[in-house]
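Trainee: First the structure, which I've put down as C-alpha cells, then a few questions once you've had a look.
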Amino acid sequence: MGEPAFRPRYRVGDRLFAWALNLSTWFYVALIVGLFTVLLAGSWLAIKSFGLHFLVASSWDPVTGHFGALPFIFGTIVSSVIAIAIAAVVGIAAAAYLAEFAPPLIARPLAFLIELLAAVPSVVYGLWGLFVLAPVMRSAIGPAIQSKLGWLPLFSGPIYGVGMLTASLILALMIVPTVAAISRDFIEGVAVDQREAMLALGATTWETVRRAVLPAARPGIFGACVLALGRALGETIATTMVIGNRPAISASLFAPGYTLASVIANEFTEATTQVYISTLIGLGLLLFVISIVVNAAARILMHTVLRNVEER
Amino acid sequence: MADVIAVRRTMQMRRVRSGVSVFLTALCAGSAAAALLLILGYVVHAGIASIGLPFLTQVPHPVGIPGGGVANAIVGTGITVAISVVMATPLGVLTGVYLAIYGRGAAASSIRFLSDVLAGVPSIAIGLFAYVVLVAPFKHFSAISGAFAFAVLMLPVIIRTTEEAIRSVPIAIREGALALGLPIYATTLRVVIPAARAAIITGLLLSIARVTGETAPLLFTAFGSQFWEFNPANPMAQLPLQIFNYAISPYPEWHQQAWGGALILIVVVLFLNILARAALRSRASR
Amino acid sequence: MPISADVFTATARGKRSGEGPSKVQLSVRSLSAHYGKRLAIRNVSLDFKPRTVTALIGPSGCGKTTLLRCLNRIHEVTRGASVSGVVELEGQDIYAPGVDPVAVRRRVGMVFQRPNPFPTMSILDNVVAGLRLVGECRSRGEKLEVAERTLRLAALWDEVKDKLDRSGLSLSGGQQQRLCIARALATEPEVLLMDEPASALDPISTAKIEDLMSTLAERYTIIVVTHNMQQAARVSQETAFMLAGEDGVGELVEFGPTTELFTRPKDRRTEDYITGRFG
C-alpha cells in the first residue's frame, strides 16, 4: 500500500484527538467497572466470613459480631414498594392529566412545579418529614387510620411518627416526578391515530385515554415506575431521617424500620472492626447490584418501546 | 322503550365517570404540585428566622452558645462542587464527544447503556467507592474524596447532555469547517464544541444542581467540620451534611439552624435548576 | 341487540321507524372549519343519500379529509380546531348545543387512512372494543358472536377465525384495515366514513376494500375520501369534487351522480381535474 496522494497535514493532531477521546471513554468504562470491583473487594472479608447466610440472617449486633442483612433488605423493599405503589398511581394520573386533559395554560406551570419536586434535596425532604410529617403522622394520620383499620396487623401497635409508613410517603413524594415526567413523555408519544380510533368508536375523553392511550404507553410507563423504584431503593438521607432506624422486621407500618442505605449512612463512620466495615460495604454492594438490575430492566423496557415507536 | 332508557342511563353514567376520572387525574397533578409548594412554604417559614448576617458569616457554635452560622459549610460545599466540576468536565465532555462521533457501534451503545445504569446507582454506594479509593488508603477524610464521589455522580449527566448537544450541531457547520481544510480535531474543538457550548453548560448546570443537594456520599468522605477549612485534603464542612447533623441532633436551637441551612440550600438548588431549564427552553424556542 | 346511546339516538331512531327511510341521511349546510385561525373549508353544503357510496375527491389540501372529519365531530379534537354550520344526521343537527359528540360518533363510524388496530388488544378484542365501551360483550360467547358477524361483513372471517386471540398487529396491512372496518361496523353505525382507506395498501388489498364498500353500501351510508379518481368512479354512486381556492381554502366545486360528474362535468375546474389538467 502506497501513501495517499494528499497526505493530511494535521494527521498527528487528529490521531492525538481520537486518542484522547478513546482514552477518556475507556477511563470512564474502567471507572464503572472499578466501582463494582472496589465494592466487591471491600466486602470480600464479609462475604468470606458469612457467605450467603448473611442475606437471610436477621440478627444485627455489631458488638457480638452478628451481622444479618434481612431486616435491612426487608425495610428497603417494603418502604420502596409502598412508595412506588403510591407514586405510580399519583404520577401516572398526573402524567395523563398533563398530557391529555389539561389546557396548556395550566399544564405548563403544573408540570414545572412537579418537575421541581425532583430537584428538592433529599436532606430537605428528610427535614420536612422529620419535623412536619412525622408529628402529623403521630397525632392525626396514624390514629385516624388505626381507628378504622387498627385490627389489621399492618396498622397495629404504637405510632411513633417516624417509621415505615412515613418513610414510604416521603419516598413516594420524591419519586412522583420521575414517574410523572417519563410517563408523560410516553403518553404524548402515543400516535394520534390510536386516540382517534378510540374516539371514533364513541369513547369519552377518559375512555380514550384509559383504553387506547395508556395501554399503548404501558411498557414505557412501566419502565418509568421501575426507574422510580430504583431511586426509592437507593435513597438514603431522607429515609434515614424518618424511618426510625431499628433493625427489626415488624408487620406494622407504624413501627420503625431500617434500610440498607440507612444503616450504611448511620454506622459506617462508627464501624470499628474490619469485619464490620466490610459488612457495611457488602450492604452497599448489595444495594449497587439491586439498583443495577432494576435500572437495566427499566432502560431495556423503555428502549424497546422507543424502538417500536421509531419503527412505525 | 325500556332499552332506550337503559341506554340513556349508561351514557349518562359514562359521561359522569369520564368527568370524575379527569377530575381525579387533575387532583393528582395538583396535589403533587401542592406538595412542592407546601414544602417550599414551610422551609421558608421555618428557615427565614435564622437567616441573617451572623448565620451567613459565622461558623457553628457549640451547643448552648447561641448564634453561629453555616458560612464554612457554604464555602465547603462551593469548594467541593468546584473540584468535582474540574474533575468531571473534561472526562465527561470528551466521552460525550466520543459517543456523538463514534456513537453507532455496539461498543458505544453498551457504553451509553452502562452510563444510563450508572446514573441510577445510589449515591451512597458511590460514597463507599470514594471511601475505599480515596479515604481508606490515606486513613483520612477529605473534601477531595467527596468531590470525587460528586464527579462520578455528575458524569452520566454531563456525558448524556454533551452527546446530545454535539449531535444537535447541524452537519452543515461541521462539514463547512472540514471543507475549509480544518482537521477533525480542530473542527471539533474550534467549531463543533463552541457551537454546542450553551447546551453543554446547561448539562453542567443540571449536574451541579444534582450534586449540590447530595448528602449521602459526603458522610464518610468530606465528613464535615465545625471550623473553617480550605485545604481539600482535609475534612471539610458541607451544607447538606451540616443540615443533616443539626436535624438529627436533640437540640431545638440546632433544629432552627437546620431550617435556616435548608432554606439556603433549597434556594441555591432550585435556582440552578431553573437556570438550566430556562437555558434549555430558550434554546428549544430558537 | 346492541344499541347505540343517548337521547339523541333514541329520538332519531324513533323518528326513522315512524316515517320510513328518509331521502337524506346526512345533510351538510354552510359548513366551515378552522384549524386555529386558518380556514380549511368554507361554506360547504351537500346531502348524502342513505345506503349510497359518496366519494369526496380533489387534489391534496382541498379539505376533503377535513370535511369528512367534521361529519363525526372528530375534527374538533385537534387542538384549536373549530367548526361552524350545520350537519344534520336524519334531521338532527349534530352540532346543536347539548349534543354529545360521543353519541354522534357511535352513529357515524370511521375508518382511517392508515390501519390503526389497537396494538395491545387481540383481534377479537379489537372488533368488540366499541361495544365494550357501553358495557356489552362481556362474555367470550357474545364477543365471538359479534366478531363472526362483523368479520364476515368485512370479508376477514375466514382469514382470522383460527387466530382471534393473536394481536391485531400480527395481520397484514390489508387485513388490519379490514379489521378496522369490522371494528367500526361492530357498533352498528348508520354512516361509515372512510378516509382514503386503501391508500396505504397494495393493489390486491385495495381491490378487496373496494369490493367491500359495494357490499356494505347495501346496509350503510358510506362516505369515502379518495385522491384516486378511478377508485371514486369504481365504487361510488355520488361524487363531490372539492378544490382549494386562490386563498387556499377548500370549497365544494361540484356534486352529483358519479357517472354524470365524470362524463359531463358542469364546472370547468372539475373537467380540468378529471381530465388531468391539474397536478
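Each chain in the C-alpha cells gets a letter, A, B and so on, in the order shown; residues start at 1 in every chain, and ligands are counted from 1 in the order they appear.
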Mind checking which residues fall within 9 Å of Leu165 (chain A), counting only C-alpha atoms, ignoring those fewer than 6 positions away in the same chain, and posting them as a PyMOL selection string?
Mentor: chain A and resi 79+82-83+137+243+252-256
Trainee: Need to verify the contact set: Val44 (chain C), 9 Å, only C-alpha atoms, exclusion of same-chain residues closer than 6 positions in sequence. Can you return it as a list in words?
Mentor: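 Once the adjacent positions are removed, what remains is Val28, Arg29, Ser30, Leu31, Ser32, Leu67, Gly85, Gly250, Glu251 and Leu252 of chain C.
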Trainee: Produce a table with one row for each residue of chain A that has an atom at most 8 Å from any atom of chain C, each row naming the nearest atom pair and its distance in Å at one decimal; use only C-alpha atoms; arrange rows by chain and rising residue number; format as JSON lines.
Mentor:
```
{"residue": "A:Asp193", "atom": "CA", "partner": "C:Asn116", "partner_atom": "CA", "distance": 6.3}
{"residue": "A:Gln194", "atom": "CA", "partner": "C:Asn116", "partner_atom": "CA", "distance": 6.4}
{"residue": "A:Glu196", "atom": "CA", "partner": "C:Ile74", "partner_atom": "CA", "distance": 7.4}
{"residue": "A:Ala197", "atom": "CA", "partner": "C:Asn116", "partner_atom": "CA", "distance": 6.8}
{"residue": "A:Met198", "atom": "CA", "partner": "C:Gly130", "partner_atom": "CA", "distance": 7.7}
{"residue": "A:Leu199", "atom": "CA", "partner": "C:Arg105", "partner_atom": "CA", "distance": 7.4}
{"residue": "A:Ala200", "atom": "CA", "partner": "C:Arg105", "partner_atom": "CA", "distance": 5.5}
{"residue": "A:Leu201", "atom": "CA", "partner": "C:Gly130", "partner_atom": "CA", "distance": 5.1}
{"residue": "A:Gly202", "atom": "CA", "partner": "C:Arg106", "partner_atom": "CA", "distance": 4.7}
{"residue": "A:Ala203", "atom": "CA", "partner": "C:Val102", "partner_atom": "CA", "distance": 6.1}
{"residue": "A:Thr204", "atom": "CA", "partner": "C:Val102", "partner_atom": "CA", "distance": 6.0}
{"residue": "A:Glu207", "atom": "CA", "partner": "C:Leu133", "partner_atom": "CA", "distance": 7.5}
{"residue": "A:Ala212", "atom": "CA", "partner": "C:Phe118", "partner_atom": "CA", "distance": 6.8}
{"residue": "A:Pro215", "atom": "CA", "partner": "C:Thr120", "partner_atom": "CA", "distance": 6.4}
{"residue": "A:Ala216", "atom": "CA", "partner": "C:Thr120", "partner_atom": "CA", "distance": 6.4}
```
Trainee: Run DSSP on the backbone of this structure and report the residues of region 5-227 of chain C it assigns to alpha helix (DSSP H), as a PyMOL selection string.
Mentor: chain C and resi 6-19+64-70+101-107+123-133+140-153+157-160+173-186+203-216
Trainee: Write out the residues from the selection above, keeping C-alpha atoms, as an mmCIF file, in the first residue's frame.
Mentor:
```cif
data_model
loop_
_atom_site.group_PDB
_atom_site.id
_atom_site.type_symbol
_atom_site.label_atom_id
_atom_site.label_comp_id
_atom_site.auth_asym_id
_atom_site.auth_seq_id
_atom_site.Cartn_x
_atom_site.Cartn_y
_atom_site.Cartn_z
ATOM 1 C CA ASP C 6 -78.301 8.620 24.127
ATOM 2 C CA VAL C 7 -81.420 10.658 23.851
ATOM 3 C CA PHE C 8 -80.084 11.922 20.601
ATOM 4 C CA THR C 9 -80.004 8.428 19.206
ATOM 5 C CA ALA C 10 -83.277 7.391 20.686
ATOM 6 C CA THR C 11 -85.338 10.207 19.185
ATOM 7 C CA ALA C 12 -83.675 9.920 15.826
ATOM 8 C CA ARG C 13 -84.264 6.197 15.670
ATOM 9 C CA GLY C 14 -87.862 6.634 16.694
ATOM 10 C CA LYS C 15 -88.393 9.180 14.001
ATOM 11 C CA ARG C 16 -86.927 6.974 11.375
ATOM 12 C CA SER C 17 -89.037 3.982 12.263
ATOM 13 C CA GLY C 18 -92.096 6.241 12.238
ATOM 14 C CA GLU C 19 -91.553 7.875 8.899
ATOM 15 C CA LYS C 64 -61.868 16.689 1.721
ATOM 16 C CA THR C 65 -60.478 14.946 4.793
ATOM 17 C CA THR C 66 -61.383 17.925 6.948
ATOM 18 C CA LEU C 67 -64.953 17.771 5.654
ATOM 19 C CA LEU C 68 -65.081 14.057 6.432
ATOM 20 C CA ARG C 69 -63.741 14.666 9.940
ATOM 21 C CA CYS C 70 -66.488 17.214 10.555
ATOM 22 C CA PRO C 101 -70.098 14.196 20.229
ATOM 23 C CA VAL C 102 -69.584 10.784 21.805
ATOM 24 C CA ALA C 103 -73.129 9.811 20.855
ATOM 25 C CA VAL C 104 -72.659 11.184 17.345
ATOM 26 C CA ARG C 105 -69.580 9.057 16.838
ATOM 27 C CA ARG C 106 -71.455 5.920 17.775
ATOM 28 C CA ARG C 107 -73.825 6.513 14.898
ATOM 29 C CA ILE C 123 -58.114 -9.386 17.070
ATOM 30 C CA LEU C 124 -61.245 -10.375 18.964
ATOM 31 C CA ASP C 125 -60.955 -7.514 21.438
ATOM 32 C CA ASN C 126 -60.260 -5.071 18.638
ATOM 33 C CA VAL C 127 -63.564 -5.967 16.989
ATOM 34 C CA VAL C 128 -65.611 -5.553 20.146
ATOM 35 C CA ALA C 129 -63.697 -2.529 21.514
ATOM 36 C CA GLY C 130 -66.570 -0.157 20.744
ATOM 37 C CA LEU C 131 -69.177 -2.401 22.305
ATOM 38 C CA ARG C 132 -67.086 -2.900 25.427
ATOM 39 C CA LEU C 133 -67.289 0.847 25.966
ATOM 40 C CA ARG C 140 -66.468 -14.688 25.230
ATOM 41 C CA GLY C 141 -69.597 -16.166 23.639
ATOM 42 C CA GLU C 142 -71.034 -12.727 22.943
ATOM 43 C CA LYS C 143 -67.701 -11.499 21.669
ATOM 44 C CA LEU C 144 -67.395 -14.425 19.263
ATOM 45 C CA GLU C 145 -70.910 -13.876 18.004
ATOM 46 C CA VAL C 146 -70.286 -10.211 17.224
ATOM 47 C CA ALA C 147 -66.823 -10.936 15.858
ATOM 48 C CA GLU C 148 -68.079 -13.582 13.448
ATOM 49 C CA ARG C 149 -70.904 -11.384 12.183
ATOM 50 C CA THR C 150 -68.797 -8.258 11.641
ATOM 51 C CA LEU C 151 -65.654 -10.025 10.439
ATOM 52 C CA ARG C 152 -67.779 -11.824 7.840
ATOM 53 C CA LEU C 153 -69.194 -8.457 6.788
ATOM 54 C CA TRP C 157 -63.543 -14.001 8.992
ATOM 55 C CA ASP C 158 -62.082 -16.897 7.047
ATOM 56 C CA GLU C 159 -58.598 -15.472 7.306
ATOM 57 C CA VAL C 160 -58.594 -14.865 11.050
ATOM 58 C CA GLY C 173 -51.790 -4.168 6.285
ATOM 59 C CA GLY C 174 -54.848 -5.058 4.192
ATOM 60 C CA GLN C 175 -56.137 -7.411 6.867
ATOM 61 C CA GLN C 176 -55.549 -4.775 9.527
ATOM 62 C CA GLN C 177 -57.620 -2.310 7.554
ATOM 63 C CA ARG C 178 -60.482 -4.800 7.207
ATOM 64 C CA LEU C 179 -60.181 -5.456 10.932
ATOM 65 C CA CYS C 180 -60.621 -1.726 11.474
ATOM 66 C CA ILE C 181 -63.686 -1.799 9.233
ATOM 67 C CA ALA C 182 -65.101 -4.685 11.250
ATOM 68 C CA ARG C 183 -64.361 -2.765 14.431
ATOM 69 C CA ALA C 184 -66.240 0.255 13.088
ATOM 70 C CA LEU C 185 -69.187 -1.909 11.981
ATOM 71 C CA ALA C 186 -69.489 -3.689 15.326
ATOM 72 C CA PRO C 203 -53.425 -3.372 -5.150
ATOM 73 C CA ILE C 204 -54.916 -6.718 -4.087
ATOM 74 C CA SER C 205 -55.894 -5.421 -0.669
ATOM 75 C CA THR C 206 -57.234 -2.300 -2.346
ATOM 76 C CA ALA C 207 -59.468 -4.384 -4.571
ATOM 77 C CA LYS C 208 -60.793 -6.234 -1.534
ATOM 78 C CA ILE C 209 -61.588 -2.999 0.262
ATOM 79 C CA GLU C 210 -63.337 -1.646 -2.833
ATOM 80 C CA ASP C 211 -65.468 -4.786 -3.145
ATOM 81 C CA LEU C 212 -66.286 -4.436 0.476
ATOM 82 C CA MET C 213 -67.541 -0.896 0.016
ATOM 83 C CA SER C 214 -70.062 -2.022 -2.580
ATOM 84 C CA THR C 215 -71.310 -4.808 -0.313
ATOM 85 C CA LEU C 216 -71.527 -2.551 2.702
#
```
Trainee: Ranking A:Phe50, A:Phe74, A:Phe17, A:Trp44 by minimum distance to chain B and counting only C-alpha atoms, which one comes first?
Mentor: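 Closest to chain B, using only C-alpha atoms: A:Phe17.
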Trainee: Write out as a PyMOL selection string the residues lying within 7 Å of Tyr246 (chain B), counting only C-alpha atoms and excluding same-chain residues fewer than 5 positions away.
Mentor: chain B and resi 254-255+257-258
Trainee: Select residues of chain A: the criterion is any atom within 6 Å of an atom of chain B, counting only C-alpha atoms; output as a ChimeraX atom specification.
Mentor: /A:10,14,17,21,24-25,90,93-94,97,113-114,117,121,124,206,234,237,284,291,295-296
Trainee: Could you tell me how far CA of Ala95 (chain A) sits from CA of Thr161 (chain B), in Å to one decimal place?
Mentor: 24.0 Å
Trainee: Compile the contact shell of region 138-150 of chain A as a ChimeraX atom specification: residues with an atom at most 12 Å away, counting only C-alpha atoms, same-chain residues fewer than 4 positions apart removed.
Mentor: /A:129-134,154-166,169,252-255
Trainee: Determine, counting only C-alpha atoms, which protein, DNA and RNA residues have an atom within 12 Å of an atom of Lys48 (chain A); residues of the same chain fewer than 4 positions away are not included. Present the result as JSON, numbers by chain.
Mentor: {"A": [40, 41, 42, 43, 44, 52, 53, 54, 275, 278, 279, 282]}
Trainee: Report as an MDAnalysis selection string: the residues of region 8-207 of chain C with a DSSP assignment of strand (DSSP E), based on the backbone of this structure.
Mentor: chainID C and resid 26:35 38:48 53:57 81:89 92:93 108:111 191:195
Trainee: Save the residues we just selected, C-alpha atoms, as a PDB file, in the first residue's frame?
Mentor:
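Below you can see out04.pdb, which holds the result:
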```pdb
ATOM      1  CA  LEU C  26     -76.711  13.299   6.301  1.00  0.00           C
ATOM      2  CA  SER C  27     -77.185  16.883   5.290  1.00  0.00           C
ATOM      3  CA  VAL C  28     -74.391  19.453   5.406  1.00  0.00           C
ATOM      4  CA  ARG C  29     -75.355  23.142   5.419  1.00  0.00           C
ATOM      5  CA  SER C  30     -72.891  26.057   5.145  1.00  0.00           C
ATOM      6  CA  LEU C  31     -70.131  24.161   6.865  1.00  0.00           C
ATOM      7  CA  SER C  32     -66.829  25.912   7.538  1.00  0.00           C
ATOM      8  CA  ALA C  33     -63.936  24.507   9.510  1.00  0.00           C
ATOM      9  CA  HIS C  34     -60.894  26.143  11.062  1.00  0.00           C
ATOM     10  CA  TYR C  35     -57.558  24.931  12.348  1.00  0.00           C
ATOM     11  CA  ARG C  38     -56.630  29.149   9.439  1.00  0.00           C
ATOM     12  CA  LEU C  39     -59.814  28.476   7.498  1.00  0.00           C
ATOM     13  CA  ALA C  40     -59.636  24.976   5.991  1.00  0.00           C
ATOM     14  CA  ILE C  41     -63.026  24.649   4.268  1.00  0.00           C
ATOM     15  CA  ARG C  42     -65.591  27.317   3.518  1.00  0.00           C
ATOM     16  CA  ASN C  43     -69.322  27.163   3.212  1.00  0.00           C
ATOM     17  CA  VAL C  44     -69.806  23.578   2.083  1.00  0.00           C
ATOM     18  CA  SER C  45     -73.350  22.332   1.550  1.00  0.00           C
ATOM     19  CA  LEU C  46     -74.354  18.885   0.277  1.00  0.00           C
ATOM     20  CA  ASP C  47     -76.648  15.950   1.027  1.00  0.00           C
ATOM     21  CA  PHE C  48     -75.580  12.344   1.455  1.00  0.00           C
ATOM     22  CA  VAL C  53     -71.373   5.374  -1.561  1.00  0.00           C
ATOM     23  CA  THR C  54     -70.420   9.019  -1.897  1.00  0.00           C
ATOM     24  CA  ALA C  55     -66.852   9.823  -2.890  1.00  0.00           C
ATOM     25  CA  LEU C  56     -65.098  13.037  -1.890  1.00  0.00           C
ATOM     26  CA  ILE C  57     -62.399  13.790  -4.424  1.00  0.00           C
ATOM     27  CA  ALA C  81     -59.874  23.273  15.606  1.00  0.00           C
ATOM     28  CA  SER C  82     -63.407  24.609  15.256  1.00  0.00           C
ATOM     29  CA  VAL C  83     -66.487  24.198  13.073  1.00  0.00           C
ATOM     30  CA  SER C  84     -69.397  26.389  12.115  1.00  0.00           C
ATOM     31  CA  GLY C  85     -72.500  25.467  10.164  1.00  0.00           C
ATOM     32  CA  VAL C  86     -74.990  22.653  10.358  1.00  0.00           C
ATOM     33  CA  VAL C  87     -74.641  18.914   9.876  1.00  0.00           C
ATOM     34  CA  GLU C  88     -77.981  17.117  10.145  1.00  0.00           C
ATOM     35  CA  LEU C  89     -77.998  13.407  10.788  1.00  0.00           C
ATOM     36  CA  GLN C  92     -80.973  16.458  13.752  1.00  0.00           C
ATOM     37  CA  ASP C  93     -78.086  18.896  13.904  1.00  0.00           C
ATOM     38  CA  VAL C 108     -71.170   7.675  12.462  1.00  0.00           C
ATOM     39  CA  GLY C 109     -68.292   5.221  12.324  1.00  0.00           C
ATOM     40  CA  MET C 110     -64.903   5.948  10.851  1.00  0.00           C
ATOM     41  CA  VAL C 111     -62.069   4.108   9.126  1.00  0.00           C
ATOM     42  CA  VAL C 191     -72.907   6.067   8.401  1.00  0.00           C
ATOM     43  CA  LEU C 192     -69.383   4.852   7.723  1.00  0.00           C
ATOM     44  CA  LEU C 193     -66.718   7.446   6.982  1.00  0.00           C
ATOM     45  CA  MET C 194     -63.628   6.194   5.192  1.00  0.00           C
ATOM     46  CA  ASP C 195     -60.552   8.390   4.881  1.00  0.00           C
TER      47      ASP C 195
END
```
Trainee: For a test of reading the model, state the distance in Å between CA of Ile73 (chain A) and CA of Ile170 (chain A), rounded to one decimal.
Mentor: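 These atoms are spaced 18.6 Å apart.
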Trainee: Quote the spacing between CA of Ile83 (chain B) and CA of Ala143 (chain B) in Å to one decimal place.
Mentor: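 Interatomic distance here is 8.9 Å.
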Trainee: Using only C-alpha atoms, which protein or nucleic acid residues come within 7 Å of Tyr258 (chain A)? Drop anything in the same chain fewer than 6 positions from it, and give the result as an MDAnalysis selection string.
Mentor: chainID A and resid 71:72 75 243:247
